[in-house]
Amino acid sequence: MNEAKQPASLIEAARQDDAHQSFSYHGWVVPEYKCLCMTIPKVACTTVKVTLYYLAGYPVPAQSNDVHGLDVGLFVGKYSTEEIIEILTSPQWVRFCFVRNPYHRLLSANKSKIANRGDTQYWWLRNAIRERFKYPDGNRCRANMVTFADFVHFLSDCGGKVRYELKPDAIFDGHFNAQTRILRQDLIEYDFIGRFENFAADFKTVLTRLGAPVETVALVSERRNVSAHVPLDEVYNPQLAALTYEVYRNDFEAFVYGRDSWLCGS
């Protein structure tokens, strides 16, 4: 944590200017188990939240996705500044998160929010991409999906910082935001950074360290929001990979994912 300023002033500033929602939405706390998890969209966040929700003593939601709309006091921003200082600094607390290869994460976000005809929440973004790349007008054409290439170019134009419904004062949409922006490693020193690629084993390691009940640990193995697998080298080409790398360069470098990892095809 930056020692040039008092922790209290840093935390107050982070709470007041939380456009990346690190404190108001992504950061989940289970005080009974003294743990903080920064959840990241498209990095098994539904499974993480359902598991933490259950760990906090609540029943598993009938529909897994309902957990994203719950407000049950688990957000770190709901705590006082003094409590947050303890959460972020005390050796008795465990601070963890999970990260993912940015190529895979972006493709997953596209499949879930852009290419998914059933998701009406992101019509505004699809329309913005169509307008940006001059798709034909007309109701019939408007119903068509945008290409993955145009989606990547659109994100490149805005550096991956897409504000909800493109409103200047809105929050940045977490599905497309860089993982490094959400994680706020300038304020939070994580005890454990797990990998999506080894998610079940890594999450079980954390839960075991916390002393979570066996029935809670078992939730980790239940797959949620699973989309059809598409090899990276079938959707990326050198140009799209280069654009993606530049948009999420900090993620690639911070979490040591290779620039050419899209060529692996897995």
# chains A, B, ... in the order shown; residues from 1 in each chain; ligands from 1
call {"tool": "residues_around", "arguments": {"residues": "region 124-129 of chain A", "least_positions_apart": "6", "cutoff": "7 Å", "atoms": "only C-alpha atoms", "output": "PyMOL selection string"}}
result
chain A and resi 114+146+150-151+154+165
call {"tool": "write_last_selection", "arguments": {"atoms": "N, CA, C and O atoms", "output": "JSON list (two decimals), in the first residue's frame"}}
result
[["chain", "number", "residue", "atom", "x", "y", "z"],
["A", 114, "ILE", "N", -22.17, -9.72, -26.41],
["A", 114, "ILE", "CA", -22.29, -9.12, -27.74],
["A", 114, "ILE", "C", -22.91, -10.08, -28.74],
["A", 114, "ILE", "O", -23.83, -9.73, -29.47],
["A", 146, "VAL", "N", -22.89, -8.07, -34.54],
["A", 146, "VAL", "CA", -21.66, -7.46, -35.03],
["A", 146, "VAL", "C", -20.55, -8.52, -35.01],
["A", 146, "VAL", "O", -20.64, -9.52, -34.29],
["A", 150, "ASP", "N", -14.95, -6.32, -35.31],
["A", 150, "ASP", "CA", -15.43, -4.95, -35.06],
["A", 150, "ASP", "C", -15.52, -4.67, -33.57],
["A", 150, "ASP", "O", -15.25, -3.55, -33.12],
["A", 151, "PHE", "N", -15.91, -5.67, -32.81],
["A", 151, "PHE", "CA", -15.97, -5.53, -31.36],
["A", 151, "PHE", "C", -14.59, -5.21, -30.80],
["A", 151, "PHE", "O", -14.42, -4.29, -29.98],
["A", 154, "PHE", "N", -13.53, -1.67, -31.74],
["A", 154, "PHE", "CA", -14.27, -0.70, -30.94],
["A", 154, "PHE", "C", -13.61, -0.56, -29.56],
["A", 154, "PHE", "O", -13.41, 0.56, -29.07],
["A", 165, "GLU", "N", -23.77, 2.16, -21.11],
["A", 165, "GLU", "CA", -24.63, 2.90, -22.04],
["A", 165, "GLU", "C", -23.92, 4.12, -22.61],
["A", 165, "GLU", "O", -24.55, 5.06, -23.08]]
call {"tool": "residues_around", "arguments": {"residues": "Arg249 (chain A)", "least_positions_apart": "2", "cutoff": "12 Å", "atoms": "only C-alpha atoms", "output": "list in words"}}
result
Asn101, Pro102, Tyr103, Ser156, Gly159, Gly160, Ala178, Gln179, Thr180, Arg181, Ala241, Ala242, Leu243, Thr244, Tyr245, Glu246, Val247, Asp251, Phe252, Glu253, Ala254, Phe255, Val256, Tyr257, Gly258 and Arg259 of chain A
call {"tool": "closest_residue", "arguments": {"among": "A:Cys37, A:Val50, A:Val94, A:Met145", "to": "Leu210 (chain A)", "atoms": "only C-alpha atoms"}}
result
A:Val94
call {"tool": "atom_distance", "arguments": {"atom1": "CA of Cys97 (chain A)", "atom2": "CA of Tyr236 (chain A)"}}
result
27.0 Å
call {"tool": "closest_residue", "arguments": {"among": "A:Ile85, A:Leu74, A:Leu155, A:Val206", "to": "Tyr25 (chain A)", "atoms": "only C-alpha atoms"}}
result
A:Leu74
call {"tool": "residues_around", "arguments": {"residues": "Val60 (chain A)", "least_positions_apart": "5", "cutoff": "9 Å", "atoms": "only C-alpha atoms", "output": "tab-separated table (two decimals) with N, CA, C and O atoms, in the first residue's frame"}}
result
chain	number	residue	atom	x	y	z
A	50	VAL	N	-21.47	-17.13	-5.79
A	50	VAL	CA	-22.39	-18.11	-5.20
A	50	VAL	C	-21.72	-18.79	-4.01
A	50	VAL	O	-22.33	-18.98	-2.94
A	51	THR	N	-20.46	-19.14	-4.17
A	51	THR	CA	-19.73	-19.83	-3.09
A	51	THR	C	-19.56	-18.91	-1.88
A	51	THR	O	-19.77	-19.33	-0.73
A	53	TYR	N	-21.38	-16.30	-1.14
A	53	TYR	CA	-22.73	-16.05	-0.62
A	53	TYR	C	-23.15	-17.18	0.33
A	53	TYR	O	-23.68	-16.94	1.42
A	54	TYR	N	-22.87	-18.40	-0.09
A	54	TYR	CA	-23.18	-19.56	0.74
A	54	TYR	C	-22.28	-19.60	1.97
A	54	TYR	O	-22.73	-19.92	3.08
A	67	VAL	N	-27.29	-14.02	-8.17
A	67	VAL	CA	-26.33	-13.58	-7.17
A	67	VAL	C	-25.72	-12.23	-7.53
A	67	VAL	O	-25.29	-11.48	-6.65
call {"tool": "select_by_dssp", "arguments": {"residues": "region 19-105 of chain A", "states": "helix (DSSP H, G or I)", "output": "number ranges by chain"}}
result
A: 22-26, 31-33, 45-55, 64-69, 76-78, 81-89, 102-105
call {"tool": "write_last_selection", "arguments": {"atoms": "N, CA and C atoms", "output": "short mmCIF file (atom, residue, chain, number, x, y, z; two decimals), in the first residue's frame"}}
result
data_model
loop_
_atom_site.label_atom_id
_atom_site.label_comp_id
_atom_site.auth_asym_id
_atom_site.auth_seq_id
_atom_site.Cartn_x
_atom_site.Cartn_y
_atom_site.Cartn_z
N SER A 22 -14.58 -1.30 -7.81
CA SER A 22 -13.79 -2.22 -6.99
C SER A 22 -14.33 -2.31 -5.58
N PHE A 23 -14.81 -1.20 -5.05
CA PHE A 23 -15.32 -1.19 -3.68
C PHE A 23 -16.84 -1.36 -3.62
N SER A 24 -17.54 -0.87 -4.63
CA SER A 24 -19.00 -0.85 -4.56
C SER A 24 -19.68 -2.09 -5.13
N TYR A 25 -18.92 -2.95 -5.84
CA TYR A 25 -19.57 -4.11 -6.46
C TYR A 25 -18.68 -5.34 -6.55
N HIS A 26 -17.44 -5.17 -7.00
CA HIS A 26 -16.59 -6.33 -7.25
C HIS A 26 -15.96 -6.89 -5.97
N PRO A 31 -16.99 -11.53 6.57
CA PRO A 31 -16.29 -11.23 7.82
C PRO A 31 -16.12 -12.42 8.76
N GLU A 32 -17.08 -13.35 8.72
CA GLU A 32 -16.97 -14.52 9.60
C GLU A 32 -15.73 -15.35 9.29
N TYR A 33 -15.29 -15.30 8.05
CA TYR A 33 -14.10 -16.06 7.65
C TYR A 33 -12.92 -15.14 7.33
N CYS A 45 -16.76 -15.54 -12.08
CA CYS A 45 -17.28 -14.71 -11.00
C CYS A 45 -18.61 -15.20 -10.44
N THR A 46 -19.44 -15.86 -11.28
CA THR A 46 -20.71 -16.38 -10.76
C THR A 46 -20.45 -17.47 -9.73
N THR A 47 -19.57 -18.39 -10.05
CA THR A 47 -19.24 -19.46 -9.11
C THR A 47 -18.60 -18.89 -7.84
N VAL A 48 -17.71 -17.92 -8.00
CA VAL A 48 -17.07 -17.30 -6.84
C VAL A 48 -18.11 -16.65 -5.94
N LYS A 49 -19.03 -15.88 -6.52
CA LYS A 49 -20.02 -15.17 -5.72
C LYS A 49 -21.01 -16.12 -5.05
N VAL A 50 -21.47 -17.13 -5.79
CA VAL A 50 -22.39 -18.11 -5.20
C VAL A 50 -21.72 -18.79 -4.01
N THR A 51 -20.46 -19.14 -4.17
CA THR A 51 -19.73 -19.83 -3.09
C THR A 51 -19.56 -18.91 -1.88
N LEU A 52 -19.18 -17.66 -2.10
CA LEU A 52 -19.01 -16.72 -0.99
C LEU A 52 -20.35 -16.40 -0.33
N TYR A 53 -21.38 -16.30 -1.14
CA TYR A 53 -22.73 -16.05 -0.62
C TYR A 53 -23.15 -17.18 0.33
N TYR A 54 -22.87 -18.40 -0.09
CA TYR A 54 -23.18 -19.56 0.74
C TYR A 54 -22.28 -19.60 1.97
N LEU A 55 -21.02 -19.25 1.80
CA LEU A 55 -20.08 -19.23 2.91
C LEU A 55 -20.52 -18.23 3.98
N SER A 64 -28.45 -19.14 -10.52
CA SER A 64 -27.10 -18.69 -10.16
C SER A 64 -26.85 -17.23 -10.48
N ASN A 65 -27.35 -16.77 -11.64
CA ASN A 65 -27.10 -15.39 -12.05
C ASN A 65 -27.76 -14.37 -11.14
N ASP A 66 -28.73 -14.81 -10.33
CA ASP A 66 -29.38 -13.89 -9.40
C ASP A 66 -28.40 -13.32 -8.39
N VAL A 67 -27.29 -14.02 -8.17
CA VAL A 67 -26.33 -13.58 -7.17
C VAL A 67 -25.72 -12.23 -7.53
N HIS A 68 -25.71 -11.89 -8.82
CA HIS A 68 -25.11 -10.62 -9.24
C HIS A 68 -25.97 -9.42 -8.85
N GLY A 69 -27.25 -9.65 -8.61
CA GLY A 69 -28.11 -8.54 -8.24
C GLY A 69 -28.38 -8.45 -6.75
N VAL A 76 -17.28 -4.65 0.04
CA VAL A 76 -16.30 -4.05 0.95
C VAL A 76 -16.58 -2.57 1.19
N GLY A 77 -17.16 -1.90 0.20
CA GLY A 77 -17.45 -0.48 0.35
C GLY A 77 -18.50 -0.16 1.39
N LYS A 78 -19.23 -1.17 1.86
CA LYS A 78 -20.25 -0.94 2.89
C LYS A 78 -19.65 -0.80 4.30
N THR A 81 -14.36 3.13 7.05
CA THR A 81 -12.96 3.28 6.63
C THR A 81 -12.03 2.52 7.56
N GLU A 82 -12.29 2.59 8.85
CA GLU A 82 -11.44 1.88 9.82
C GLU A 82 -11.51 0.37 9.60
N GLU A 83 -12.70 -0.12 9.31
CA GLU A 83 -12.86 -1.56 9.06
C GLU A 83 -12.16 -1.97 7.76
N ILE A 84 -12.24 -1.11 6.75
CA ILE A 84 -11.60 -1.42 5.48
C ILE A 84 -10.08 -1.45 5.65
N ILE A 85 -9.54 -0.55 6.45
CA ILE A 85 -8.10 -0.57 6.71
C ILE A 85 -7.69 -1.91 7.31
N GLU A 86 -8.49 -2.41 8.24
CA GLU A 86 -8.18 -3.71 8.83
C GLU A 86 -8.28 -4.82 7.79
N ILE A 87 -9.34 -4.77 6.97
CA ILE A 87 -9.54 -5.78 5.93
C ILE A 87 -8.35 -5.82 4.97
N LEU A 88 -7.83 -4.65 4.63
CA LEU A 88 -6.77 -4.56 3.63
C LEU A 88 -5.37 -4.75 4.19
N THR A 89 -5.23 -4.67 5.51
CA THR A 89 -3.87 -4.70 6.08
C THR A 89 -3.63 -5.79 7.11
N PRO A 102 -6.24 -12.73 -20.98
CA PRO A 102 -7.10 -11.71 -21.59
C PRO A 102 -7.70 -12.10 -22.93
N TYR A 103 -7.01 -12.91 -23.71
CA TYR A 103 -7.59 -13.36 -24.98
C TYR A 103 -8.85 -14.17 -24.73
N HIS A 104 -8.77 -15.10 -23.81
CA HIS A 104 -9.93 -15.93 -23.47
C HIS A 104 -11.04 -15.10 -22.84
N ARG A 105 -10.65 -14.21 -21.94
CA ARG A 105 -11.65 -13.41 -21.23
C ARG A 105 -12.43 -12.52 -22.19
#
call {"tool": "closest_residue", "arguments": {"among": "A:Leu240, A:Lys34, A:Phe203, A:Leu232", "to": "Leu219 (chain A)", "atoms": "only C-alpha atoms"}}
result
A:Phe203
call {"tool": "select_by_dssp", "arguments": {"residues": "region 71-250 of chain A", "states": "strand (DSSP E)", "output": "ChimeraX atom specification"}}
result
/A:94-99,192-195
call {"tool": "write_last_selection", "arguments": {"atoms": "all heavy atoms", "output": "PDB file, in the first residue's frame"}}
result
ATOM      1  N   VAL A  94      -7.539 -12.802   4.773  1.00  0.00           N
ATOM      2  CA  VAL A  94      -7.029 -13.372   3.524  1.00  0.00           C
ATOM      3  C   VAL A  94      -7.647 -12.605   2.359  1.00  0.00           C
ATOM      4  O   VAL A  94      -8.871 -12.493   2.261  1.00  0.00           O
ATOM      5  CB  VAL A  94      -7.376 -14.869   3.403  1.00  0.00           C
ATOM      6  CG1 VAL A  94      -6.936 -15.413   2.056  1.00  0.00           C
ATOM      7  CG2 VAL A  94      -6.727 -15.656   4.531  1.00  0.00           C
ATOM      8  N   ARG A  95      -6.804 -12.074   1.501  1.00  0.00           N
ATOM      9  CA  ARG A  95      -7.239 -11.290   0.346  1.00  0.00           C
ATOM     10  C   ARG A  95      -6.865 -12.070  -0.917  1.00  0.00           C
ATOM     11  O   ARG A  95      -5.683 -12.375  -1.137  1.00  0.00           O
ATOM     12  CB  ARG A  95      -6.562  -9.914   0.376  1.00  0.00           C
ATOM     13  CG  ARG A  95      -6.996  -9.064   1.581  1.00  0.00           C
ATOM     14  CD  ARG A  95      -6.008  -7.946   1.878  1.00  0.00           C
ATOM     15  NE  ARG A  95      -4.800  -8.457   2.517  1.00  0.00           N
ATOM     16  CZ  ARG A  95      -4.644  -8.626   3.843  1.00  0.00           C
ATOM     17  NH1 ARG A  95      -5.635  -8.326   4.663  1.00  0.00           N
ATOM     18  NH2 ARG A  95      -3.520  -9.105   4.337  1.00  0.00           N
ATOM     19  N   PHE A  96      -7.859 -12.369  -1.750  1.00  0.00           N
ATOM     20  CA  PHE A  96      -7.572 -13.196  -2.927  1.00  0.00           C
ATOM     21  C   PHE A  96      -8.404 -12.774  -4.132  1.00  0.00           C
ATOM     22  O   PHE A  96      -9.378 -12.013  -4.013  1.00  0.00           O
ATOM     23  CB  PHE A  96      -7.792 -14.677  -2.613  1.00  0.00           C
ATOM     24  CG  PHE A  96      -9.227 -15.065  -2.339  1.00  0.00           C
ATOM     25  CD1 PHE A  96     -10.009 -15.632  -3.344  1.00  0.00           C
ATOM     26  CD2 PHE A  96      -9.794 -14.896  -1.078  1.00  0.00           C
ATOM     27  CE1 PHE A  96     -11.326 -16.018  -3.100  1.00  0.00           C
ATOM     28  CE2 PHE A  96     -11.108 -15.280  -0.827  1.00  0.00           C
ATOM     29  CZ  PHE A  96     -11.874 -15.838  -1.841  1.00  0.00           C
ATOM     30  N   CYS A  97      -8.010 -13.272  -5.283  1.00  0.00           N
ATOM     31  CA  CYS A  97      -8.719 -13.000  -6.526  1.00  0.00           C
ATOM     32  C   CYS A  97      -8.335 -14.063  -7.543  1.00  0.00           C
ATOM     33  O   CYS A  97      -7.462 -14.901  -7.285  1.00  0.00           O
ATOM     34  CB  CYS A  97      -8.359 -11.612  -7.068  1.00  0.00           C
ATOM     35  SG  CYS A  97      -6.610 -11.461  -7.517  1.00  0.00           S
ATOM     36  N   PHE A  98      -8.999 -14.030  -8.698  1.00  0.00           N
ATOM     37  CA  PHE A  98      -8.672 -14.939  -9.798  1.00  0.00           C
ATOM     38  C   PHE A  98      -8.510 -14.118 -11.071  1.00  0.00           C
ATOM     39  O   PHE A  98      -9.233 -13.140 -11.289  1.00  0.00           O
ATOM     40  CB  PHE A  98      -9.767 -15.989  -9.981  1.00  0.00           C
ATOM     41  CG  PHE A  98      -9.902 -16.923  -8.804  1.00  0.00           C
ATOM     42  CD1 PHE A  98     -10.810 -16.647  -7.787  1.00  0.00           C
ATOM     43  CD2 PHE A  98      -9.091 -18.038  -8.699  1.00  0.00           C
ATOM     44  CE1 PHE A  98     -10.912 -17.483  -6.686  1.00  0.00           C
ATOM     45  CE2 PHE A  98      -9.183 -18.874  -7.594  1.00  0.00           C
ATOM     46  CZ  PHE A  98     -10.098 -18.597  -6.592  1.00  0.00           C
ATOM     47  N   VAL A  99      -7.555 -14.501 -11.898  1.00  0.00           N
ATOM     48  CA  VAL A  99      -7.304 -13.801 -13.154  1.00  0.00           C
ATOM     49  C   VAL A  99      -7.382 -14.790 -14.311  1.00  0.00           C
ATOM     50  O   VAL A  99      -7.364 -16.006 -14.104  1.00  0.00           O
ATOM     51  CB  VAL A  99      -5.927 -13.105 -13.136  1.00  0.00           C
ATOM     52  CG1 VAL A  99      -5.883 -12.034 -12.046  1.00  0.00           C
ATOM     53  CG2 VAL A  99      -4.788 -14.112 -12.939  1.00  0.00           C
ATOM     54  N   PHE A 192      -3.300 -14.263  -2.289  1.00  0.00           N
ATOM     55  CA  PHE A 192      -3.404 -15.372  -3.249  1.00  0.00           C
ATOM     56  C   PHE A 192      -4.045 -14.854  -4.531  1.00  0.00           C
ATOM     57  O   PHE A 192      -5.129 -14.266  -4.495  1.00  0.00           O
ATOM     58  CB  PHE A 192      -4.239 -16.506  -2.653  1.00  0.00           C
ATOM     59  CG  PHE A 192      -4.275 -17.752  -3.491  1.00  0.00           C
ATOM     60  CD1 PHE A 192      -3.327 -18.756  -3.329  1.00  0.00           C
ATOM     61  CD2 PHE A 192      -5.262 -17.929  -4.458  1.00  0.00           C
ATOM     62  CE1 PHE A 192      -3.363 -19.913  -4.107  1.00  0.00           C
ATOM     63  CE2 PHE A 192      -5.308 -19.072  -5.236  1.00  0.00           C
ATOM     64  CZ  PHE A 192      -4.350 -20.066  -5.054  1.00  0.00           C
ATOM     65  N   ILE A 193      -3.372 -15.060  -5.657  1.00  0.00           N
ATOM     66  CA  ILE A 193      -3.938 -14.745  -6.972  1.00  0.00           C
ATOM     67  C   ILE A 193      -4.046 -16.053  -7.739  1.00  0.00           C
ATOM     68  O   ILE A 193      -3.045 -16.618  -8.179  1.00  0.00           O
ATOM     69  CB  ILE A 193      -3.069 -13.734  -7.741  1.00  0.00           C
ATOM     70  CG1 ILE A 193      -3.006 -12.407  -6.977  1.00  0.00           C
ATOM     71  CG2 ILE A 193      -3.633 -13.514  -9.148  1.00  0.00           C
ATOM     72  CD1 ILE A 193      -2.164 -11.332  -7.662  1.00  0.00           C
ATOM     73  N   GLY A 194      -5.272 -16.552  -7.840  1.00  0.00           N
ATOM     74  CA  GLY A 194      -5.501 -17.816  -8.521  1.00  0.00           C
ATOM     75  C   GLY A 194      -5.685 -17.619 -10.012  1.00  0.00           C
ATOM     76  O   GLY A 194      -5.838 -16.497 -10.504  1.00  0.00           O
ATOM     77  N   ARG A 195      -5.682 -18.729 -10.725  1.00  0.00           N
ATOM     78  CA  ARG A 195      -5.808 -18.710 -12.180  1.00  0.00           C
ATOM     79  C   ARG A 195      -7.105 -19.386 -12.608  1.00  0.00           C
ATOM     80  O   ARG A 195      -7.450 -20.469 -12.114  1.00  0.00           O
ATOM     81  CB  ARG A 195      -4.635 -19.453 -12.818  1.00  0.00           C
ATOM     82  CG  ARG A 195      -3.278 -18.897 -12.461  1.00  0.00           C
ATOM     83  CD  ARG A 195      -2.819 -17.897 -13.487  1.00  0.00           C
ATOM     84  NE  ARG A 195      -1.590 -17.227 -13.100  1.00  0.00           N
ATOM     85  CZ  ARG A 195      -0.901 -16.434 -13.903  1.00  0.00           C
ATOM     86  NH1 ARG A 195      -1.321 -16.224 -15.128  1.00  0.00           N
ATOM     87  NH2 ARG A 195       0.193 -15.835 -13.485  1.00  0.00           N
TER      88      ARG A 195
END
call {"tool": "atom_distance", "arguments": {"atom1": "CA of Tyr190 (chain A)", "atom2": "CA of Cys35 (chain A)"}}
result
10.7 Å
call {"tool": "atom_distance", "arguments": {"atom1": "CA of Lys111 (chain A)", "atom2": "CA of Val152 (chain A)"}}
result
12.5 Å
